[in-house]
Each structure stands twice: as C-alpha cells, then as structure tokens.
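J.: Quick one, data_12.cif (mmCIF, C-alpha atoms):
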```
data_my_file
loop_
_atom_site.label_atom_id
_atom_site.label_comp_id
_atom_site.auth_asym_id
_atom_site.auth_seq_id
_atom_site.Cartn_x
_atom_site.Cartn_y
_atom_site.Cartn_z
CA MET N 1 115.10 100.98 92.71
CA SER N 2 115.19 98.54 95.63
CA SER N 3 112.14 96.52 96.62
CA VAL N 4 109.24 97.79 98.70
CA GLN N 5 109.16 96.38 102.21
CA TYR N 6 106.07 94.21 101.70
CA PRO N 7 104.85 91.95 98.86
CA ILE N 8 102.35 93.44 96.41
CA LEU N 9 98.96 91.81 95.86
CA LEU N 10 97.36 92.86 92.55
CA VAL N 11 93.56 92.54 92.76
CA HIS N 12 91.70 92.56 89.44
CA GLY N 13 88.30 94.03 88.68
CA MET N 14 84.98 92.76 87.41
CA GLY N 15 84.70 90.91 84.11
CA PHE N 16 88.17 89.35 84.02
CA HIS N 17 90.37 86.77 85.72
CA ASP N 18 94.07 86.42 86.45
CA HIS N 19 95.54 84.25 83.69
CA LYS N 20 99.18 83.54 82.88
CA LEU N 21 98.65 83.50 79.10
CA PHE N 22 96.81 86.84 79.04
CA ASN N 23 97.86 88.85 82.04
CA TYR N 24 95.17 91.22 83.25
CA TRP N 25 97.89 93.69 84.26
CA GLY N 26 99.80 93.82 80.99
CA ARG N 27 103.48 94.76 81.31
CA ILE N 28 103.08 96.04 84.86
CA PRO N 29 103.98 92.91 86.93
CA LYS N 30 107.15 92.26 84.94
CA ARG N 31 108.23 95.88 85.29
CA LEU N 32 107.68 95.83 89.05
CA GLU N 33 109.47 92.50 89.45
CA GLN N 34 112.42 93.94 87.56
CA GLN N 35 112.52 96.62 90.23
CA GLY N 36 112.66 93.99 92.99
CA ALA N 37 109.02 93.80 94.05
CA LYS N 38 107.39 90.46 94.92
CA ILE N 39 104.13 90.22 92.97
CA PHE N 40 101.08 88.10 93.77
CA TYR N 41 97.60 88.01 92.23
CA GLY N 42 94.14 88.13 93.76
CA CYS N 43 92.72 85.33 91.58
CA GLN N 44 89.24 85.97 92.96
CA ASP N 45 86.03 85.39 91.00
CA SER N 46 85.09 87.86 88.32
CA HIS N 47 81.38 88.17 89.13
CA ALA N 48 81.14 87.08 92.77
CA SER N 49 79.80 89.34 95.50
CA MET N 50 82.07 91.57 97.54
CA GLU N 51 81.62 89.31 100.54
CA ASP N 52 82.50 86.08 98.72
CA ASN N 53 85.52 87.65 97.04
CA ALA N 54 86.61 89.17 100.34
CA HIS N 55 86.68 85.71 101.93
CA PHE N 56 88.75 84.44 99.00
CA LEU N 57 91.19 87.35 99.30
CA TYR N 58 91.42 86.69 103.04
CA GLU N 59 92.80 83.24 102.22
CA ARG N 60 95.14 84.70 99.58
CA VAL N 61 96.64 87.17 102.05
CA THR N 62 97.05 84.44 104.65
CA LYS N 63 98.85 82.24 102.12
CA ILE N 64 101.15 85.07 101.00
CA ILE N 65 102.07 85.85 104.61
CA GLN N 66 102.88 82.19 105.26
CA GLU N 67 104.79 81.78 101.99
CA THR N 68 106.94 84.92 102.23
CA GLY N 69 107.27 85.39 105.96
CA ALA N 70 106.25 89.02 105.48
CA LYS N 71 104.18 90.66 108.17
CA LYS N 72 101.94 92.53 105.75
CA VAL N 73 101.07 93.06 102.08
CA ASN N 74 100.49 96.12 99.92
CA ILE N 75 97.30 95.79 97.87
CA ILE N 76 96.92 97.51 94.51
CA ALA N 77 93.37 97.03 93.27
CA HIS N 78 91.55 97.98 90.08
CA SER N 79 87.83 98.71 89.77
CA LYS N 80 85.59 96.42 91.88
CA GLY N 81 88.72 94.75 93.20
CA GLY N 82 89.10 97.78 95.44
CA LEU N 83 85.68 97.15 96.98
CA ASP N 84 86.44 93.46 97.48
CA SER N 85 89.67 94.48 99.22
CA ARG N 86 88.04 97.09 101.45
CA PHE N 87 85.41 94.54 102.48
CA MET N 88 88.14 92.08 103.41
CA ILE N 89 90.11 94.64 105.41
CA SER N 90 87.13 96.10 107.29
CA TYR N 91 84.56 93.33 107.64
CA LEU N 92 86.89 90.34 107.90
CA ASP N 93 89.33 92.16 110.20
CA LYS N 94 92.37 91.54 108.00
CA GLY N 95 93.77 95.05 108.37
CA THR N 96 96.52 93.78 110.65
CA TYR N 97 98.08 92.11 107.60
CA VAL N 98 97.59 94.98 105.12
CA ALA N 99 100.05 97.85 105.00
CA SER N 100 98.31 99.82 102.26
CA LEU N 101 95.40 99.74 99.84
CA THR N 102 95.78 101.61 96.57
CA THR N 103 92.62 101.73 94.47
CA LEU N 104 92.51 102.65 90.79
CA SER N 105 89.15 103.55 89.18
CA THR N 106 87.23 101.88 92.01
CA PRO N 107 83.54 102.90 92.32
CA HIS N 108 83.64 103.57 96.08
CA ARG N 109 80.41 105.53 95.92
CA GLY N 110 78.66 103.30 93.43
CA SER N 111 77.36 104.35 90.05
CA HIS N 112 74.42 106.58 89.16
CA THR N 113 74.49 104.89 85.76
CA VAL N 114 73.87 101.54 87.44
CA ASP N 115 71.00 103.18 89.37
CA VAL N 116 69.39 104.15 86.07
CA LEU N 117 70.00 100.83 84.34
CA LEU N 118 68.49 98.88 87.23
CA ARG N 119 65.20 100.69 86.74
CA MET N 120 64.51 98.29 83.89
CA PRO N 121 62.08 95.42 84.70
CA ASP N 122 63.56 93.17 87.35
CA VAL N 123 62.92 90.06 85.28
CA LEU N 124 65.18 91.47 82.55
CA VAL N 125 67.91 92.23 85.09
CA ARG N 126 67.67 88.66 86.37
CA VAL N 127 67.92 87.24 82.85
CA ILE N 128 71.05 89.31 82.17
CA ALA N 129 72.49 88.23 85.51
CA TYR N 130 71.75 84.56 84.73
CA ILE N 131 73.55 84.82 81.39
CA CYS N 132 76.55 86.48 83.07
CA ASP N 133 76.65 83.80 85.77
CA TRP N 134 76.50 81.03 83.16
CA TRP N 135 79.27 82.57 81.07
CA TYR N 136 81.62 83.44 83.91
CA GLY N 137 80.99 80.05 85.46
CA ILE N 138 82.35 78.52 82.28
CA LEU N 139 85.36 80.84 82.51
CA GLY N 140 86.13 79.70 86.04
CA ASP N 141 84.02 81.57 88.60
CA GLN N 142 83.16 79.38 91.58
CA LYS N 143 80.44 81.59 93.04
CA PRO N 144 79.13 83.95 90.31
CA ASP N 145 76.31 86.12 91.64
CA SER N 146 75.84 88.88 89.06
CA TYR N 147 72.38 89.94 90.25
CA ARG N 148 73.77 90.70 93.69
CA VAL N 149 76.84 92.41 92.23
CA PHE N 150 74.70 94.68 90.04
CA HIS N 151 72.80 95.88 93.10
CA GLU N 152 75.94 96.21 95.21
CA LEU N 153 77.09 98.90 92.78
CA GLU N 154 74.01 101.08 93.35
CA THR N 155 74.84 104.41 94.97
CA GLY N 156 72.39 103.84 97.81
CA HIS N 157 73.91 100.50 98.69
CA MET N 158 77.46 101.87 98.60
CA GLU N 159 76.49 104.87 100.73
CA GLU N 160 75.12 102.53 103.38
CA LEU N 161 78.09 100.17 103.10
CA ASN N 162 80.61 103.00 103.39
CA HIS N 163 79.08 104.03 106.71
CA GLN N 164 79.55 100.48 107.97
CA MET N 165 82.90 99.72 106.30
CA SER N 166 85.14 102.10 108.22
CA ASP N 167 88.78 102.44 107.26
CA VAL N 168 91.08 100.45 109.52
CA LYS N 169 93.65 102.35 111.57
CA GLY N 170 97.18 101.55 110.48
CA VAL N 171 96.27 100.87 106.85
CA TYR N 172 97.28 103.56 104.36
CA TYR N 173 94.45 104.20 101.86
CA GLN N 174 95.05 106.08 98.62
CA SER N 175 93.10 106.32 95.36
CA TYR N 176 93.45 107.47 91.76
CA ALA N 177 90.91 108.41 89.09
CA PHE N 178 91.33 108.41 85.31
CA VAL N 179 89.41 109.97 82.41
CA MET N 180 88.99 109.52 78.68
CA LYS N 181 89.38 112.76 76.72
CA HIS N 182 86.70 111.98 74.15
CA VAL N 183 84.60 109.19 72.68
CA TRP N 184 87.45 107.97 70.48
CA SER N 185 89.85 107.44 73.38
CA ASP N 186 89.05 103.72 73.47
CA LEU N 187 86.84 102.05 70.86
CA LEU N 188 85.91 99.24 73.28
CA MET N 189 84.65 101.79 75.80
CA MET N 190 82.81 104.09 73.39
CA ILE N 191 79.25 103.09 74.28
CA PRO N 192 79.78 102.85 78.07
CA TRP N 193 81.57 106.21 78.00
CA MET N 194 78.68 107.87 76.16
CA VAL N 195 76.11 106.41 78.55
CA VAL N 196 78.04 107.41 81.67
CA ARG N 197 78.73 110.89 80.24
CA ALA N 198 75.01 111.45 79.61
CA ILE N 199 74.10 110.42 83.15
CA GLU N 200 77.09 111.41 85.31
CA GLY N 201 79.69 113.33 83.32
CA VAL N 202 83.39 112.70 82.72
CA SER N 203 84.77 109.23 83.40
CA ASP N 204 87.19 106.56 82.26
CA GLY N 205 84.25 104.93 80.49
CA LEU N 206 82.78 103.36 83.64
CA VAL N 207 83.85 105.14 86.84
CA THR N 208 83.71 108.87 87.56
CA PRO N 209 86.38 110.71 89.58
CA ASP N 210 83.84 111.51 92.33
CA SER N 211 83.18 107.82 92.86
CA ALA N 212 86.85 106.82 92.60
CA ALA N 213 88.06 109.11 95.41
CA TRP N 214 88.80 107.35 98.70
CA GLY N 215 91.35 107.84 101.45
CA GLU N 216 94.12 110.12 100.23
CA PHE N 217 92.90 111.04 96.76
CA ARG N 218 95.95 111.38 94.53
CA GLY N 219 94.11 113.09 91.70
CA ILE N 220 92.64 112.67 88.23
CA TYR N 221 94.94 111.41 85.48
CA THR N 222 94.67 111.32 81.72
CA GLY N 223 97.05 110.46 78.89
CA SER N 224 99.80 112.77 77.70
CA GLY N 225 98.60 112.15 74.13
CA GLN N 226 95.22 112.66 72.46
CA LYS N 227 93.21 109.70 73.77
CA GLY N 228 93.13 109.92 77.53
CA ILE N 229 93.00 106.84 79.77
CA SER N 230 90.08 104.41 79.74
CA HIS N 231 89.02 101.94 82.43
CA CYS N 232 90.86 99.20 80.53
CA ASP N 233 93.94 101.35 79.90
CA VAL N 234 94.44 101.65 83.66
CA VAL N 235 95.68 98.03 83.66
CA ASP N 236 97.80 98.44 80.52
CA ARG N 237 95.43 96.86 78.01
CA ARG N 238 97.30 98.46 75.11
CA ARG N 239 100.65 97.01 76.27
CA ARG N 240 102.45 100.10 75.04
CA ARG N 241 103.03 103.77 75.74
CA PHE N 242 100.16 106.18 75.20
CA SER N 243 102.43 108.85 73.80
CA LYS N 244 106.07 109.87 73.41
CA ARG N 245 105.20 113.25 74.89
CA GLU N 246 106.69 114.01 78.28
CA PRO N 247 103.81 113.83 80.78
CA GLN N 248 102.83 116.99 82.62
CA LYS N 249 101.10 117.11 86.00
CA GLY N 250 98.02 114.86 85.92
CA GLN N 251 99.20 113.04 82.79
CA VAL N 252 100.56 109.57 82.08
CA SER N 253 102.54 108.58 79.00
CA ASP N 254 103.06 104.93 80.01
CA MET N 255 101.07 102.97 82.62
CA ALA N 256 104.08 100.79 83.43
CA ASP N 257 105.96 103.95 84.43
CA PHE N 258 102.95 105.08 86.46
CA TYR N 259 102.97 101.87 88.53
CA THR N 260 106.73 102.03 88.97
CA THR N 261 106.36 105.50 90.50
CA LEU N 262 103.41 104.34 92.61
CA VAL N 263 105.42 101.51 94.13
CA GLN N 264 108.47 103.76 94.62
CA GLU N 265 106.27 106.12 96.64
CA LEU N 266 105.04 103.22 98.78
CA LYS N 267 108.67 102.34 99.45
CA GLU N 268 109.42 105.94 100.48
CA ARG N 269 106.55 105.67 102.98
CA GLY N 270 108.25 102.62 104.49
CA LEU N 271 105.66 100.27 103.03
#
```
What would the structure in this file look like if it were written as structure tokens?

T.:
Amino acid sequence: MSSVQYPILLVHGMGFHDHKLFNYWGRIPKRLEQQGAKIFYGCQDSHASMEDNAHFLYERVTKIIQETGAKKVNIIAHSKGGLDSRFMISYLDKGTYVASLTTLSTPHRGSHTVDVLLRMPDVLVRVIAYICDWWYGILGDQKPDSYRVFHELETGHMEELNHQMSDVKGVYYQSYAFVMKHVWSDLLMMIPWMVVRAIEGVSDGLVTPDSAAWGEFRGIYTGSGQKGISHCDVVDRRRRRFSKREPQKGQVSDMADFYTTLVQELKERGL
C-alpha cells in the first residue's frame, strides 16, 4: 500500500500521554509507517481542557506543516482527543490545514454517566479533581484542569458546544464506535463498564455508540472473538490479535489491521 497524501496526526485521549517507551497506540504506528504513512503524535496534556489542548494541537499542526511541507494533515483521534481536535478545527479556525478527522470512541454528546457522577457534593468533585491535577502534573501535564474537564463531558455542556462548534466545510469527518460483549471483555474496564451499562446501556466501558457517532458514522465494531473491544483495546492495549477468527461485518480481529484499512480508505478518498 502506498502512502496517504497527507501526514497522520494521532491524538490520544484522557488519562494518558504520548511516550516513546510505552506507546499509547501499541503496534499501530509501526504498522502504518511500514505502509508508507508519516506518523506524528498530538503530545497534548492528559487532563487539560478542550480549549487548552486545542491551542497545543494548533501549534502541533503548524509545526508538522512546516516540517513536512504538506498542505494538510489527517487526524485520527481517540476518546477526548476527538473533542480537542474538533475544538481546534472549529474554534481556532485550523480547518484549512486539516484534510480529515477520524474519531474513535469519542464522547461527542457527552456522558449521562458523568451527569450522574457529578451529582455528588461539589466539594468531593473538587477534591478528586485536585488529586488528578496533582498526579497528572507529576506525569507531565502543563495545564491540568480536571474539574473543568469533568464538567465539559456533561451532556448538557456538549449539546451546547455542538451547536457552537460547527463542522468546517472541506474537512471530512468520520467516526467509529466500539463495544464490549460482556463484563469479562476487559478486566481493567469491568467496573466502568458495569456503571455505564446500568446508566446508559452498551458501551466500550466508557463511551456509548450514540455518543460516539459524528460526521459519517462508520458503525459499531466488536471483536471477532469472545471478548469484544474495550475503550483501551481501541488503541491496541493488548498488543496482539483479539482472535484468529476471520472478522465478519462489524467485527475486528486485530486493531492494527483495522487502522491499516482505515488509512487505506483515506488514501482512496484522496486524503
């Protein structure tokens, strides 16, 4: 497979950073580079607000354009990284330099689970946010603002923001959703999955398909084996195939293969 026309910017989600020793994206970048794609990373803060991360991504895109001589970039974003990217494209008027935005398990419509959890006493929410800011500051965040981030993920806030954050003409938007098949799909996501299921229904452990749909919705995917695909599996946390079974429609047997196909389709669109 020859390279896509534009460089690819991988934008991570909440709770993690881009590190060389432990790559957030597992085997995916290497697989795409082997296919000729130029890969770059968002490197934005883990727990900063959408606005602060959008400004950071603005600088990243500018640097990539200058470094490569490309006219645009393709953005592939996971989880909250998709919201940071949309904010950058719409509010910071960077759409001229973005060919496409692909979002994976991004809560475009917020989370009803977050709505429920934020009904706890505000002082408790602030204490939790303070602890998160302290911890992620140690890990490298420059502008952690967990309290603001928590409230940005409320459904009411996202509904209002979506009305203001119109899609930019000329940018191709597509989205994917993923689901766990049962509570044992991912031991790390067991408790979140149970909470979200009780409040909202099926999910990848954090984000429901209804919230993940934006632009051209490419569908709901699960594993070809017994476990399904969790929020962490979307970025190849397991570093291996889910199953040796041949995937049917709406199934994935290997996330590295999934991304290879995704990028091939961008190439076929001239992106």

J.: Exactly which residues make up the result of the PyMOL selection byres ((chain N and resi 37-48) around 8) on this file, given as a count of residues only?

T.: 41

J.: Starting from the PyMOL selection byres ((chain N and resi 157) around 12), expand the selection into actual residues of this file and give them as a ChimeraX atom specification.

T.: /N:107-112,114-115,148-156,158-165

J.: So how far away is CA of Tyr58 in chain N from CA of Tyr97 in chain N, in Å?

T.: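 Separation between CA of Tyr97 in chain N and CA of Tyr58 in chain N: 9.7 Å.
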
J.: What is the CA of Leu104 in chain N to CA of Ser175 in chain N distance in Å?

T.: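 Here the two named atoms are 5.9 Å from each other.
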
J.: Name the residues that the PyMOL selection byres ((chain N and resi 94) around 10) pulls out of this structure, and write them as a PyMOL selection string.

T.: chain N and resi 54+57-58+61-62+72+85-93+95-98+168

J.: Figure out the distance between CA of Arg237 in chain N and CA of Trp25 in chain N, please, to one decimal in Å.

T.: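 If I compute the distance from CA of Trp25 in chain N to CA of Arg237 in chain N, I get 7.4 Å.
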
J.: Give me the residues of range 122-185 of chain N that have any atom at most 8 Å from an atom of range 214-226 of chain N; for each, the nearest atom pair and the distance in Å, rounded to one decimal. Use all atoms listed in the file, sort by chain and number, and format it as a Markdown table.

T.:
```
| residue | atom | partner | partner_atom | distance |
| --- | --- | --- | --- | --- |
| N:Tyr172 | CA | N:Gly215 | CA | 7.9 |
| N:Tyr173 | CA | N:Gly215 | CA | 4.8 |
| N:Gln174 | CA | N:Glu216 | CA | 4.4 |
| N:Ser175 | CA | N:Phe217 | CA | 4.9 |
| N:Tyr176 | CA | N:Arg218 | CA | 5.4 |
| N:Ala177 | CA | N:Ile220 | CA | 4.7 |
| N:Phe178 | CA | N:Tyr221 | CA | 4.7 |
| N:Val179 | CA | N:Thr222 | CA | 5.5 |
| N:Met180 | CA | N:Thr222 | CA | 6.7 |
| N:Lys181 | CA | N:Gln226 | CA | 7.2 |
| N:Ser185 | CA | N:Gln226 | CA | 7.5 |
```

J.: Excluding Leu262 in chain N and any residue of its chain fewer than 6 positions from it, enumerate the residues within 10 Å of it, using all atoms listed in the file, and give them as a VMD selection string.

T.: chain N and resid 76 102 256

J.: Would you kindly return, as number ranges by chain, each protein, DNA or RNA residue with an atom no farther than 12 Å from any atom of Ser230 in chain N, considering only C-alpha atoms and excluding same-chain residues fewer than 4 positions away?

T.: N: 79, 104-105, 177-190, 192-193, 202-208, 221-223, 234-238, 242, 252, 255
